[in-house]
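Participant: Coordinates in entry06.txt, compact mmCIF, C-alpha atoms (C1' of nucleotides), are listed below.
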```txt
# COMPACT_ATOMS: atom_id res chain seq x y z
CA MET A 2 20.47 -17.89 -11.99
CA THR A 3 22.16 -19.41 -8.95
CA ASP A 4 20.35 -21.07 -6.10
CA THR A 5 21.11 -18.21 -3.74
CA ALA A 6 19.86 -15.61 -6.18
CA THR A 7 16.58 -17.48 -6.51
CA LYS A 8 16.21 -17.67 -2.75
CA ILE A 9 16.84 -13.94 -2.48
CA LEU A 10 14.12 -13.28 -5.04
CA ASP A 11 11.71 -15.62 -3.23
CA VAL A 12 12.22 -14.08 0.19
CA GLY A 13 12.27 -10.55 -1.18
CA GLN A 14 9.00 -11.09 -3.01
CA GLU A 15 7.34 -12.51 0.06
CA LEU A 16 8.52 -9.58 2.16
CA ILE A 17 7.12 -7.07 -0.33
CA GLN A 18 3.80 -8.90 -0.49
CA THR A 19 3.47 -9.00 3.27
CA ARG A 20 5.27 -5.90 4.58
CA GLY A 21 5.87 -3.70 1.55
CA TYR A 22 8.91 -2.52 -0.37
CA SER A 23 9.93 0.18 2.11
CA ALA A 24 9.92 -2.37 4.90
CA MET A 25 11.82 -4.99 2.90
CA SER A 26 15.47 -4.72 3.92
CA PHE A 27 18.68 -6.53 3.02
CA GLN A 28 18.91 -7.37 6.70
CA HIS A 29 15.64 -9.27 6.76
CA ILE A 30 16.32 -11.03 3.49
CA ALA A 31 19.80 -12.08 4.56
CA GLY A 32 18.51 -13.43 7.85
CA ARG A 33 15.93 -15.64 6.19
CA VAL A 34 18.17 -16.80 3.34
CA GLY A 35 20.93 -17.67 5.78
CA ILE A 36 23.65 -15.34 4.50
CA LYS A 37 24.99 -11.94 5.53
CA LYS A 38 23.80 -8.56 4.29
CA PRO A 39 26.62 -7.71 1.88
CA SER A 40 26.36 -11.09 0.14
CA ILE A 41 23.10 -9.95 -1.39
CA ILE A 42 24.89 -7.09 -3.13
CA HIS A 43 26.97 -9.64 -4.98
CA HIS A 44 23.79 -10.94 -6.65
CA PHE A 45 21.85 -7.70 -6.89
CA PRO A 46 23.96 -4.52 -6.81
CA SER A 47 21.22 -2.35 -5.27
CA LYS A 48 17.80 -2.54 -3.68
CA ALA A 49 16.23 -1.04 -6.81
CA THR A 50 17.86 -3.71 -8.98
CA LEU A 51 16.49 -6.41 -6.72
CA GLY A 52 13.07 -4.79 -6.77
CA VAL A 53 12.98 -4.69 -10.55
CA ALA A 54 14.13 -8.32 -10.77
CA ILE A 55 11.37 -9.41 -8.40
CA ILE A 56 8.62 -7.66 -10.38
CA ARG A 57 9.95 -8.85 -13.72
CA ARG A 58 9.99 -12.47 -12.64
CA TYR A 59 6.46 -12.09 -11.29
CA ARG A 60 5.26 -10.44 -14.49
CA ASP A 61 6.91 -13.08 -16.65
CA THR A 62 5.20 -15.92 -14.81
CA PHE A 63 1.81 -14.34 -15.40
CA THR A 64 2.56 -13.34 -18.97
CA SER A 65 3.45 -16.84 -20.10
CA GLN A 66 0.47 -18.40 -18.35
CA LEU A 67 -2.04 -15.84 -19.57
CA ASP A 68 -0.64 -16.00 -23.10
CA ALA A 69 -1.01 -19.78 -23.14
CA ILE A 70 -4.64 -19.50 -22.13
CA LYS A 71 -5.42 -16.83 -24.65
CA LYS A 72 -3.86 -18.79 -27.49
CA ASN A 73 -5.65 -22.02 -26.69
CA PRO A 74 -8.95 -22.03 -28.60
CA GLN A 75 -10.24 -24.89 -26.41
CA THR A 76 -10.47 -22.68 -23.32
CA SER A 77 -13.89 -21.25 -22.57
CA ALA A 78 -14.29 -17.72 -21.21
CA TRP A 79 -15.44 -19.11 -17.88
CA GLU A 80 -12.43 -21.37 -17.60
CA ALA A 81 -10.15 -18.48 -18.43
CA LEU A 82 -11.76 -16.33 -15.75
CA ASP A 83 -11.59 -19.09 -13.17
CA PHE A 84 -7.93 -19.53 -13.94
CA TYR A 85 -7.41 -15.82 -13.52
CA PHE A 86 -9.17 -15.78 -10.16
CA SER A 87 -7.13 -18.64 -8.74
CA PRO A 88 -4.02 -16.71 -7.65
CA TYR A 89 -6.23 -14.09 -5.98
CA LEU A 90 -8.01 -16.84 -4.08
CA HIS A 91 -4.64 -18.19 -3.06
CA PHE A 92 -3.49 -14.79 -1.78
CA ALA A 93 -6.80 -14.27 0.00
CA GLN A 94 -6.22 -17.40 2.04
CA THR A 95 -2.68 -16.47 2.96
CA PRO A 96 -2.67 -14.07 5.91
CA ASP A 97 -1.40 -10.58 5.17
CA THR A 98 -0.50 -11.38 1.58
CA VAL A 99 -1.64 -9.32 -1.39
CA CYS A 100 -0.68 -9.29 -5.06
CA LEU A 101 2.92 -8.16 -5.48
CA CYS A 102 1.94 -5.31 -7.75
CA GLY A 103 -1.00 -4.37 -5.57
CA ALA A 104 1.41 -4.02 -2.68
CA LEU A 105 3.78 -1.93 -4.77
CA ALA A 106 0.96 0.25 -6.10
CA GLY A 107 0.36 1.25 -2.50
CA GLU A 108 3.75 2.88 -2.32
CA ILE A 109 4.28 4.09 -5.89
CA PRO A 110 5.68 7.51 -4.90
CA ALA A 111 8.31 5.80 -2.75
CA LEU A 112 9.51 3.54 -5.59
CA PRO A 113 12.41 4.16 -7.98
CA GLU A 114 11.28 5.05 -11.48
CA GLU A 115 12.24 1.70 -13.07
CA MET A 116 10.03 -0.14 -10.61
CA ARG A 117 7.11 2.18 -11.22
CA LEU A 118 7.22 1.37 -14.91
CA GLU A 119 7.18 -2.36 -14.21
CA VAL A 120 4.16 -2.02 -11.95
CA LYS A 121 2.33 0.07 -14.51
CA GLN A 122 3.06 -2.53 -17.17
CA PHE A 123 1.68 -5.26 -14.94
CA MET A 124 -1.58 -3.37 -14.45
CA GLU A 125 -1.98 -2.66 -18.14
CA ASP A 126 -1.15 -6.24 -19.16
CA HIS A 127 -3.77 -7.68 -16.84
CA GLN A 128 -6.48 -5.19 -17.70
CA SER A 129 -5.92 -5.76 -21.38
CA TRP A 130 -5.85 -9.56 -21.02
CA LEU A 131 -9.15 -9.46 -19.16
CA GLU A 132 -10.58 -7.16 -21.82
CA GLY A 133 -9.74 -9.76 -24.48
CA ILE A 134 -11.38 -12.55 -22.53
CA LEU A 135 -14.53 -10.51 -22.01
CA GLN A 136 -14.65 -9.51 -25.66
CA ASN A 137 -14.28 -13.05 -26.98
CA GLY A 138 -16.69 -14.42 -24.41
CA ARG A 139 -19.37 -12.00 -25.44
CA ARG A 140 -18.74 -12.54 -29.13
CA ASN A 141 -19.27 -16.28 -28.88
CA GLY A 142 -22.28 -15.94 -26.61
CA GLU A 143 -20.77 -17.24 -23.39
CA LEU A 144 -20.89 -13.95 -21.52
CA THR A 145 -23.53 -11.25 -21.29
CA PHE A 146 -22.91 -7.64 -20.27
CA SER A 147 -23.69 -4.18 -21.57
CA GLU A 148 -20.56 -2.24 -20.62
CA THR A 149 -17.62 -1.92 -22.97
CA PRO A 150 -15.17 -4.79 -22.42
CA ALA A 151 -12.40 -2.31 -21.59
CA ARG A 152 -14.39 -0.56 -18.88
CA LEU A 153 -15.64 -3.79 -17.37
CA ALA A 154 -12.18 -5.36 -17.45
CA ARG A 155 -10.70 -2.43 -15.56
CA MET A 156 -13.45 -2.56 -13.01
CA LEU A 157 -13.00 -6.30 -12.42
CA PHE A 158 -9.27 -5.94 -12.05
CA ASN A 159 -9.56 -3.02 -9.66
CA THR A 160 -12.15 -4.90 -7.63
CA LEU A 161 -9.90 -7.93 -7.20
CA GLN A 162 -6.94 -5.77 -6.16
CA GLY A 163 -9.10 -3.69 -3.84
CA THR A 164 -10.56 -6.77 -2.19
CA LEU A 165 -7.13 -8.17 -1.40
CA LEU A 166 -6.17 -4.80 0.02
CA VAL A 167 -9.23 -4.50 2.22
CA LYS A 168 -9.27 -8.11 3.44
CA ARG A 169 -5.84 -7.56 4.92
CA SER A 170 -7.16 -5.04 7.42
CA THR A 171 -10.54 -6.62 8.05
CA ASP A 172 -9.08 -10.13 8.20
CA ASP A 173 -12.25 -11.36 6.57
CA LEU A 174 -11.00 -14.04 4.22
CA SER A 175 -14.43 -14.78 2.75
CA GLN A 176 -14.67 -11.37 1.07
CA LEU A 177 -12.91 -12.49 -2.07
CA ASN A 178 -15.17 -15.51 -2.53
CA ASP A 179 -18.22 -13.30 -2.26
CA VAL A 180 -16.81 -10.73 -4.66
CA ILE A 181 -16.03 -13.39 -7.26
CA LYS A 182 -19.59 -14.67 -6.99
CA VAL A 183 -20.91 -11.17 -7.64
CA ILE A 184 -18.57 -10.74 -10.60
CA LYS A 185 -19.68 -14.01 -12.14
CA ARG A 186 -23.33 -13.11 -11.83
CA MET A 187 -22.62 -9.79 -13.53
CA LEU A 188 -21.43 -11.67 -16.60
CA LYS A 189 -24.32 -14.10 -16.98
CA MET B 12 -5.90 21.58 19.66
CA THR B 13 -3.20 24.15 18.92
CA ASP B 14 -2.49 25.53 15.49
CA THR B 15 0.79 23.67 15.25
CA ALA B 16 -0.78 20.36 16.21
CA THR B 17 -3.37 20.81 13.46
CA LYS B 18 -0.67 21.58 10.92
CA ILE B 19 1.22 18.46 11.96
CA LEU B 20 -1.90 16.37 11.48
CA ASP B 21 -2.54 17.96 8.07
CA VAL B 22 0.97 17.43 6.75
CA GLY B 23 1.21 13.95 8.27
CA GLN B 24 -2.04 12.88 6.67
CA GLU B 25 -0.99 14.16 3.29
CA LEU B 26 2.31 12.35 3.54
CA ILE B 27 0.60 9.06 4.39
CA GLN B 28 -1.85 9.48 1.53
CA THR B 29 0.90 10.17 -0.97
CA ARG B 30 3.96 8.28 0.27
CA GLY B 31 2.70 5.91 2.96
CA TYR B 32 3.15 5.58 6.70
CA SER B 33 6.63 4.00 6.55
CA ALA B 34 7.85 6.86 4.40
CA MET B 35 6.26 9.54 6.57
CA SER B 36 8.98 10.84 8.88
CA PHE B 37 9.20 13.47 11.60
CA GLN B 38 11.92 15.04 9.49
CA HIS B 39 9.62 15.59 6.49
CA ILE B 40 6.73 16.78 8.62
CA ALA B 41 8.92 19.23 10.54
CA GLY B 42 10.36 20.63 7.32
CA ARG B 43 6.95 21.36 5.86
CA VAL B 44 5.40 22.69 9.06
CA GLY B 45 8.38 24.96 9.64
CA ILE B 46 9.59 23.58 12.96
CA LYS B 47 12.31 21.15 14.06
CA LYS B 48 11.98 17.41 14.53
CA PRO B 49 11.81 17.24 18.34
CA SER B 50 9.08 19.89 18.46
CA ILE B 51 6.67 17.34 17.03
CA ILE B 52 7.27 15.07 20.00
CA HIS B 53 5.89 17.79 22.23
CA HIS B 54 2.52 17.48 20.46
CA PHE B 55 2.57 13.75 19.69
CA PRO B 56 4.87 11.67 21.91
CA SER B 57 5.51 9.00 19.27
CA LYS B 58 4.99 8.22 15.62
CA ALA B 59 2.30 5.67 16.51
CA THR B 60 0.42 8.28 18.57
CA LEU B 61 0.52 10.67 15.65
CA GLY B 62 -0.63 7.93 13.30
CA VAL B 63 -3.61 7.07 15.46
CA ALA B 64 -4.56 10.74 15.80
CA ILE B 65 -4.48 11.17 12.03
CA ILE B 66 -6.74 8.18 11.38
CA ARG B 67 -9.13 9.10 14.16
CA ARG B 68 -9.61 12.62 12.85
CA TYR B 69 -10.18 11.23 9.36
CA ARG B 70 -12.67 8.66 10.63
CA ASP B 71 -14.55 11.25 12.68
CA THR B 72 -15.00 13.54 9.69
CA PHE B 73 -16.55 10.74 7.69
CA THR B 74 -18.60 9.40 10.57
CA SER B 75 -20.36 12.68 11.25
CA GLN B 76 -21.05 13.33 7.57
CA LEU B 77 -22.27 9.82 6.83
CA ASP B 78 -24.42 9.80 9.95
CA ALA B 79 -26.06 13.08 8.95
CA ILE B 80 -26.95 11.67 5.56
CA LYS B 81 -28.32 8.46 6.95
CA LYS B 82 -30.50 10.26 9.45
CA ASN B 83 -31.96 12.68 6.94
CA PRO B 84 -35.10 11.07 5.47
CA GLN B 85 -35.07 13.60 2.62
CA THR B 86 -31.96 12.14 1.05
CA SER B 87 -32.53 9.70 -1.80
CA ALA B 88 -30.33 6.63 -2.20
CA TRP B 89 -28.80 8.11 -5.36
CA GLU B 90 -27.95 11.34 -3.59
CA ALA B 91 -26.39 9.42 -0.74
CA LEU B 92 -24.29 7.39 -3.17
CA ASP B 93 -23.19 10.46 -5.09
CA PHE B 94 -22.18 12.07 -1.86
CA TYR B 95 -20.20 8.98 -0.96
CA PHE B 96 -18.41 8.95 -4.32
CA SER B 97 -17.36 12.59 -4.10
CA PRO B 98 -14.23 12.22 -1.92
CA TYR B 99 -13.06 9.35 -4.12
CA LEU B 100 -13.47 11.55 -7.18
CA HIS B 101 -11.51 14.22 -5.40
CA PHE B 102 -8.67 11.82 -4.59
CA ALA B 103 -8.71 10.47 -8.13
CA GLN B 104 -7.99 13.93 -9.48
CA THR B 105 -5.16 14.58 -7.07
CA PRO B 106 -1.96 12.99 -8.34
CA ASP B 107 -0.61 10.16 -6.22
CA THR B 108 -3.28 10.52 -3.56
CA VAL B 109 -5.40 7.64 -2.28
CA CYS B 110 -7.80 7.25 0.63
CA LEU B 111 -5.91 7.48 3.92
CA CYS B 112 -7.11 4.08 5.04
CA GLY B 113 -6.53 2.56 1.63
CA ALA B 114 -2.94 3.72 1.89
CA LEU B 115 -2.61 2.28 5.39
CA ALA B 116 -4.24 -1.00 4.38
CA GLY B 117 -1.34 -1.42 1.98
CA GLU B 118 1.09 -1.62 4.86
CA ILE B 119 -0.99 -3.22 7.60
CA PRO B 120 1.74 -5.60 8.78
CA ALA B 121 4.09 -2.65 9.24
CA LEU B 122 1.64 -0.72 11.43
CA PRO B 123 1.42 -0.69 15.22
CA GLU B 124 -1.55 -2.59 16.57
CA GLU B 125 -3.56 0.50 17.62
CA MET B 126 -3.40 1.85 14.07
CA ARG B 127 -4.49 -1.46 12.59
CA LEU B 128 -7.62 -1.41 14.70
CA GLU B 129 -8.47 2.10 13.54
CA VAL B 130 -8.08 1.11 9.90
CA LYS B 131 -10.23 -1.97 10.38
CA GLN B 132 -12.91 0.14 12.02
CA PHE B 133 -12.87 2.53 9.08
CA MET B 134 -13.39 -0.30 6.60
CA GLU B 135 -16.22 -1.81 8.60
CA ASP B 136 -17.95 1.54 9.15
CA HIS B 137 -17.96 2.32 5.45
CA GLN B 138 -19.04 -1.12 4.31
CA SER B 139 -21.86 -1.11 6.81
CA TRP B 140 -22.97 2.43 5.90
CA LEU B 141 -23.12 1.47 2.24
CA GLU B 142 -25.04 -1.66 3.13
CA GLY B 143 -27.68 0.48 4.84
CA ILE B 144 -28.00 2.79 1.85
CA LEU B 145 -28.40 -0.15 -0.52
CA GLN B 146 -30.94 -1.82 1.72
CA ASN B 147 -33.13 1.26 2.09
CA GLY B 148 -32.79 2.11 -1.59
CA ARG B 149 -34.04 -1.30 -2.63
CA ARG B 150 -36.83 -1.29 -0.06
CA ASN B 151 -38.27 1.97 -1.35
CA GLY B 152 -37.86 0.97 -4.99
CA GLU B 153 -35.07 3.35 -5.94
CA LEU B 154 -32.43 0.68 -6.48
CA THR B 155 -32.56 -2.71 -8.18
CA PHE B 156 -30.11 -5.55 -7.57
CA SER B 157 -30.24 -9.21 -6.75
CA GLU B 158 -27.20 -9.64 -4.46
CA THR B 159 -27.48 -9.28 -0.72
CA PRO B 160 -26.90 -5.65 0.33
CA ALA B 161 -23.96 -6.71 2.50
CA ARG B 162 -22.16 -8.49 -0.30
CA LEU B 163 -22.79 -5.75 -2.81
CA ALA B 164 -21.73 -3.05 -0.35
CA ARG B 165 -18.43 -4.78 0.29
CA MET B 166 -17.82 -5.19 -3.40
CA LEU B 167 -18.54 -1.53 -4.13
CA PHE B 168 -16.28 -0.36 -1.34
CA ASN B 169 -13.44 -2.66 -2.41
CA THR B 170 -13.85 -1.52 -6.00
CA LEU B 171 -13.52 2.14 -5.08
CA GLN B 172 -10.45 1.49 -2.94
CA GLY B 173 -8.89 -0.73 -5.60
CA THR B 174 -9.49 1.83 -8.33
CA LEU B 175 -7.68 4.54 -6.37
CA LEU B 176 -4.84 2.12 -5.80
CA VAL B 177 -4.52 1.15 -9.44
CA LYS B 178 -4.93 4.65 -10.87
CA ARG B 179 -1.87 5.71 -8.95
CA SER B 180 0.37 3.42 -10.97
CA THR B 181 -1.39 3.71 -14.30
CA ASP B 182 -1.86 7.47 -13.92
CA ASP B 183 -5.17 7.08 -15.70
CA LEU B 184 -7.39 9.52 -13.86
CA SER B 185 -10.52 8.62 -15.83
CA GLN B 186 -10.68 5.11 -14.35
CA LEU B 187 -12.70 6.17 -11.36
CA ASN B 188 -15.29 7.97 -13.45
CA ASP B 189 -15.75 4.88 -15.57
CA VAL B 190 -15.99 2.61 -12.56
CA ILE B 191 -18.63 4.79 -10.94
CA LYS B 192 -20.67 4.67 -14.13
CA VAL B 193 -20.52 0.88 -14.11
CA ILE B 194 -21.53 0.78 -10.45
CA LYS B 195 -24.51 3.03 -11.06
CA ARG B 196 -25.73 0.92 -13.94
CA MET B 197 -25.47 -2.16 -11.73
CA LEU B 198 -27.99 -0.61 -9.35
CA LYS B 199 -30.65 0.45 -11.86
C1' DG C 24 30.55 -16.37 -3.43
C1' DT C 25 30.66 -15.15 1.22
C1' DC C 26 32.65 -13.00 4.90
C1' DT C 27 34.21 -8.91 8.44
C1' DA C 28 34.61 -4.28 8.97
C1' DT C 29 33.17 0.06 8.07
C1' DA C 30 31.22 4.30 5.98
C1' DC C 31 27.34 7.15 5.78
C1' DA C 32 22.61 8.66 5.98
C1' DA C 33 18.19 8.77 8.09
C1' DA C 34 15.06 7.09 11.21
C1' DG C 35 12.59 7.56 16.17
C1' DA C 36 13.39 9.29 20.49
C1' DT C 37 15.37 11.80 24.90
C1' DA C 38 17.63 15.56 27.82
C1' DG C 39 17.94 19.85 29.00
C1' DA C 40 18.59 25.01 27.80
C1' DC C 41 15.82 29.00 26.64
C1' DG D 27 6.50 25.52 22.85
C1' DT D 28 10.65 25.31 20.43
C1' DC D 29 15.29 24.79 20.22
C1' DT D 30 20.32 22.34 20.09
C1' DA D 31 22.69 18.39 21.01
C1' DT D 32 22.91 13.68 21.38
C1' DC D 33 21.74 8.58 21.63
C1' DT D 34 20.49 4.35 19.40
C1' DT D 35 18.99 1.67 15.76
C1' DT D 36 18.50 0.51 11.19
C1' DG D 37 18.93 1.25 6.58
C1' DT D 38 21.89 1.00 1.87
C1' DA D 39 26.26 0.48 0.21
C1' DT D 40 31.57 -0.18 -0.24
C1' DA D 41 36.37 -2.23 0.53
C1' DG D 42 38.99 -5.82 0.89
C1' DA D 43 40.29 -10.49 3.07
C1' DC D 44 39.42 -15.38 2.42
```
How would this structure read if it were set down as structure tokens?
Facilitator:
Amino acid sequence: MTDTATKILDVGQELIQTRGYSAMSFQHIAGRVGIKKPSIIHHFPSKATLGVAIIRRYRDTFTSQLDAIKKNPQTSAWEALDFYFSPYLHFAQTPDTVCLCGALAGEIPALPEEMRLEVKQFMEDHQSWLEGILQNGRRNGELTFSETPARLARMLFNTLQGTLLVKRSTDDLSQLNDVIKVIKRMLK
Amino acid sequence: MTDTATKILDVGQELIQTRGYSAMSFQHIAGRVGIKKPSIIHHFPSKATLGVAIIRRYRDTFTSQLDAIKKNPQTSAWEALDFYFSPYLHFAQTPDTVCLCGALAGEIPALPEEMRLEVKQFMEDHQSWLEGILQNGRRNGELTFSETPARLARMLFNTLQGTLLVKRSTDDLSQLNDVIKVIKRMLK
DNA sequence: GTCTATACAAAGATAGAC
DNA sequence: GTCTATCTTTGTATAGAC
């Protein structure tokens, strides 16, 4: 992966997270990377290819981090959850930024098929990781709740994504903090 | 409001809810209404004007219905909540459809300022309506919860919006039903 | 690996005939 | 109120020089 290719991925990802995939253009990327439009094609032959590469890199980063946490028996359920919340808190403080896959979910019908599959995989990975954390946490007595872990995990995930979505229009950055507090109390 | 103008609003709204504002074009609308592109301009002088008209109509429909419920002392908190959930359940069963303002929230930075304000107003109206329902419900003993009504209302609203968003990529239509069950148990 | 030049399609919008 | 014709901009993508 060359330096330029990495920069293209960085800028492209930021544009999707702030303005959406439809509004992300080679023109804008080129301008901010400091090259011309057709130079991007040399690294990524089409917009769909670039889109897939951006999601896959994003997914991979999460996958390796979440796997590491899950495999470490030292990590408590609360620590795991706090780790999971941290990127959302980061996004919440950055104006106009949402989760990459949350942004893409908003325009699913406008995405090429390969990208849709990547987004779906992201959602399922995260919901299933959360389910595991909830399940273990309840088993060892750390967490308390009466729902099934699967149902609760999906609700938590959807809530986090929805809060990022809504905070962007209300510009109320404290919403996510409040929501995380409510979530934590639900699990005590 | 002429017949054609209404049709334009209908088709435009559906396109935003399924494909997003950026992907909604005069071309597509004209094709489905059965007129030519420039004829739309006669009814709505610009895309932004059309966008604002679509949101405002959507907001007004909700506002009058939610107001009626709030003012009717016969309505229990549970009935009010069930009424509020019903459009979400409807959207959840319609493939690729989300709440109009949820869809627009996904592309806030790409929207003209006037539209952004309308979306923000929608979010605030709904969160504040829910807050009122929760507050009254707790006061008269129907509902039980320990959060502040404002915080809980925002969380519920964000959860519903997030669930519609996520179901679109996972194609798992049962998610919303499950989430509503969890919400209801939280309030008992 | 990056450039200029260009092809081609689709977008929002305007002018003016009917 | 709707049309045809046209303008302008912006988008993705290609060809070929350097």
Participant: By how many Å are CA of Leu67 (chain A) and CA of Ile134 (chain A) apart?
Facilitator: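 Atom-to-atom, CA of Leu67 (chain A) to CA of Ile134 (chain A), that is 10.3 Å.
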Participant: Set the cut-off to 9 Å and count all atoms listed in the file: what are the residues of chain C that reach chain A? Output as a PyMOL selection string.
Facilitator: chain C and resi 24-26
Participant: Give as number ranges by chain every residue of chain A that touches chain D within 9 Å, counting only C-alpha atoms (C1' of nucleotides).
Facilitator: A: 26-28, 39, 42, 46-48
Participant: Work out how far CA of His101 (chain B) is from CA of Met116 (chain A), in Å to one decimal.
Facilitator: 26.4 Å
Participant: Please indicate the distance in Å from CA of Leu166 (chain A) to CA of Gly117 (chain B), rounded to one decimal place.
Facilitator: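 Separating CA of Leu166 (chain A) from CA of Gly117 (chain B) is a distance of 6.2 Å.
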Participant: A:Pro113, A:Gly103, A:Gly32, A:Pro88: which is nearest chain B, counting only C-alpha atoms?
Facilitator: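 Of A:Pro113, A:Gly103, A:Gly32, A:Pro88, the one nearest chain B is A:Gly103, counting only C-alpha atoms.
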Participant: Once you count only C-alpha atoms, what closest atom pair and distance in Å to one decimal does each residue of chain A within 8 Å of chain B have, with rows by chain and rising residue number, as JSON lines?
Facilitator:
```
{"residue": "A:Thr19", "atom": "CA", "partner": "B:Pro120", "partner_atom": "CA", "distance": 6.7}
{"residue": "A:Arg20", "atom": "CA", "partner": "B:Pro120", "partner_atom": "CA", "distance": 5.5}
{"residue": "A:Gly21", "atom": "CA", "partner": "B:Glu118", "partner_atom": "CA", "distance": 6.2}
{"residue": "A:Ser23", "atom": "CA", "partner": "B:Ser33", "partner_atom": "CA", "distance": 6.7}
{"residue": "A:Ala24", "atom": "CA", "partner": "B:Ala121", "partner_atom": "CA", "distance": 7.3}
{"residue": "A:Asp97", "atom": "CA", "partner": "B:Pro120", "partner_atom": "CA", "distance": 6.9}
{"residue": "A:Gly103", "atom": "CA", "partner": "B:Leu176", "partner_atom": "CA", "distance": 7.5}
{"residue": "A:Ala104", "atom": "CA", "partner": "B:Gly117", "partner_atom": "CA", "distance": 6.0}
{"residue": "A:Ala106", "atom": "CA", "partner": "B:Ser180", "partner_atom": "CA", "distance": 5.8}
{"residue": "A:Gly107", "atom": "CA", "partner": "B:Gly117", "partner_atom": "CA", "distance": 5.5}
{"residue": "A:Glu108", "atom": "CA", "partner": "B:Arg30", "partner_atom": "CA", "distance": 6.0}
{"residue": "A:Ile109", "atom": "CA", "partner": "B:Ser180", "partner_atom": "CA", "distance": 6.4}
{"residue": "A:Pro110", "atom": "CA", "partner": "B:Arg30", "partner_atom": "CA", "distance": 5.5}
{"residue": "A:Ala111", "atom": "CA", "partner": "B:Arg30", "partner_atom": "CA", "distance": 5.8}
{"residue": "A:Arg117", "atom": "CA", "partner": "B:Ser180", "partner_atom": "CA", "distance": 6.9}
{"residue": "A:Val120", "atom": "CA", "partner": "B:Ser180", "partner_atom": "CA", "distance": 6.7}
{"residue": "A:Lys121", "atom": "CA", "partner": "B:Thr181", "partner_atom": "CA", "distance": 5.2}
{"residue": "A:Met124", "atom": "CA", "partner": "B:Thr181", "partner_atom": "CA", "distance": 7.1}
{"residue": "A:Glu125", "atom": "CA", "partner": "B:Thr181", "partner_atom": "CA", "distance": 7.5}
{"residue": "A:Glu148", "atom": "CA", "partner": "B:Val193", "partner_atom": "CA", "distance": 7.2}
{"residue": "A:Arg152", "atom": "CA", "partner": "B:Asp189", "partner_atom": "CA", "distance": 6.5}
{"residue": "A:Leu153", "atom": "CA", "partner": "B:Val193", "partner_atom": "CA", "distance": 7.5}
{"residue": "A:Arg155", "atom": "CA", "partner": "B:Gln186", "partner_atom": "CA", "distance": 7.6}
{"residue": "A:Met156", "atom": "CA", "partner": "B:Val190", "partner_atom": "CA", "distance": 5.8}
{"residue": "A:Asn159", "atom": "CA", "partner": "B:Gly173", "partner_atom": "CA", "distance": 4.7}
{"residue": "A:Thr160", "atom": "CA", "partner": "B:Thr170", "partner_atom": "CA", "distance": 4.1}
{"residue": "A:Leu161", "atom": "CA", "partner": "B:Gly173", "partner_atom": "CA", "distance": 7.4}
{"residue": "A:Gln162", "atom": "CA", "partner": "B:Gly173", "partner_atom": "CA", "distance": 5.4}
{"residue": "A:Gly163", "atom": "CA", "partner": "B:Gly173", "partner_atom": "CA", "distance": 3.5}
{"residue": "A:Thr164", "atom": "CA", "partner": "B:Asn169", "partner_atom": "CA", "distance": 5.0}
{"residue": "A:Leu166", "atom": "CA", "partner": "B:Ala116", "partner_atom": "CA", "distance": 6.1}
{"residue": "A:Val167", "atom": "CA", "partner": "B:Ala116", "partner_atom": "CA", "distance": 6.5}
{"residue": "A:Arg169", "atom": "CA", "partner": "B:Ala116", "partner_atom": "CA", "distance": 6.8}
{"residue": "A:Ser170", "atom": "CA", "partner": "B:Lys131", "partner_atom": "CA", "distance": 5.3}
{"residue": "A:Thr171", "atom": "CA", "partner": "B:Lys131", "partner_atom": "CA", "distance": 5.2}
{"residue": "A:Gln176", "atom": "CA", "partner": "B:Arg165", "partner_atom": "CA", "distance": 7.6}
{"residue": "A:Asp179", "atom": "CA", "partner": "B:Arg162", "partner_atom": "CA", "distance": 6.5}
{"residue": "A:Val180", "atom": "CA", "partner": "B:Met166", "partner_atom": "CA", "distance": 5.8}
{"residue": "A:Val183", "atom": "CA", "partner": "B:Glu158", "partner_atom": "CA", "distance": 7.2}
```
Participant: Using all atoms of region 126-129 of chain B that appear in the file, construct an axis-aligned enclosing box with 6 Å of padding on every side and provide its centre coordinates and edge lengths in Å, rounded to one decimal, as JSON.
Facilitator:
```
{"center_x": -5.9, "center_y": 0.3, "center_z": 13.6, "size_x": 17.1, "size_y": 15.6, "size_z": 14.1}
```
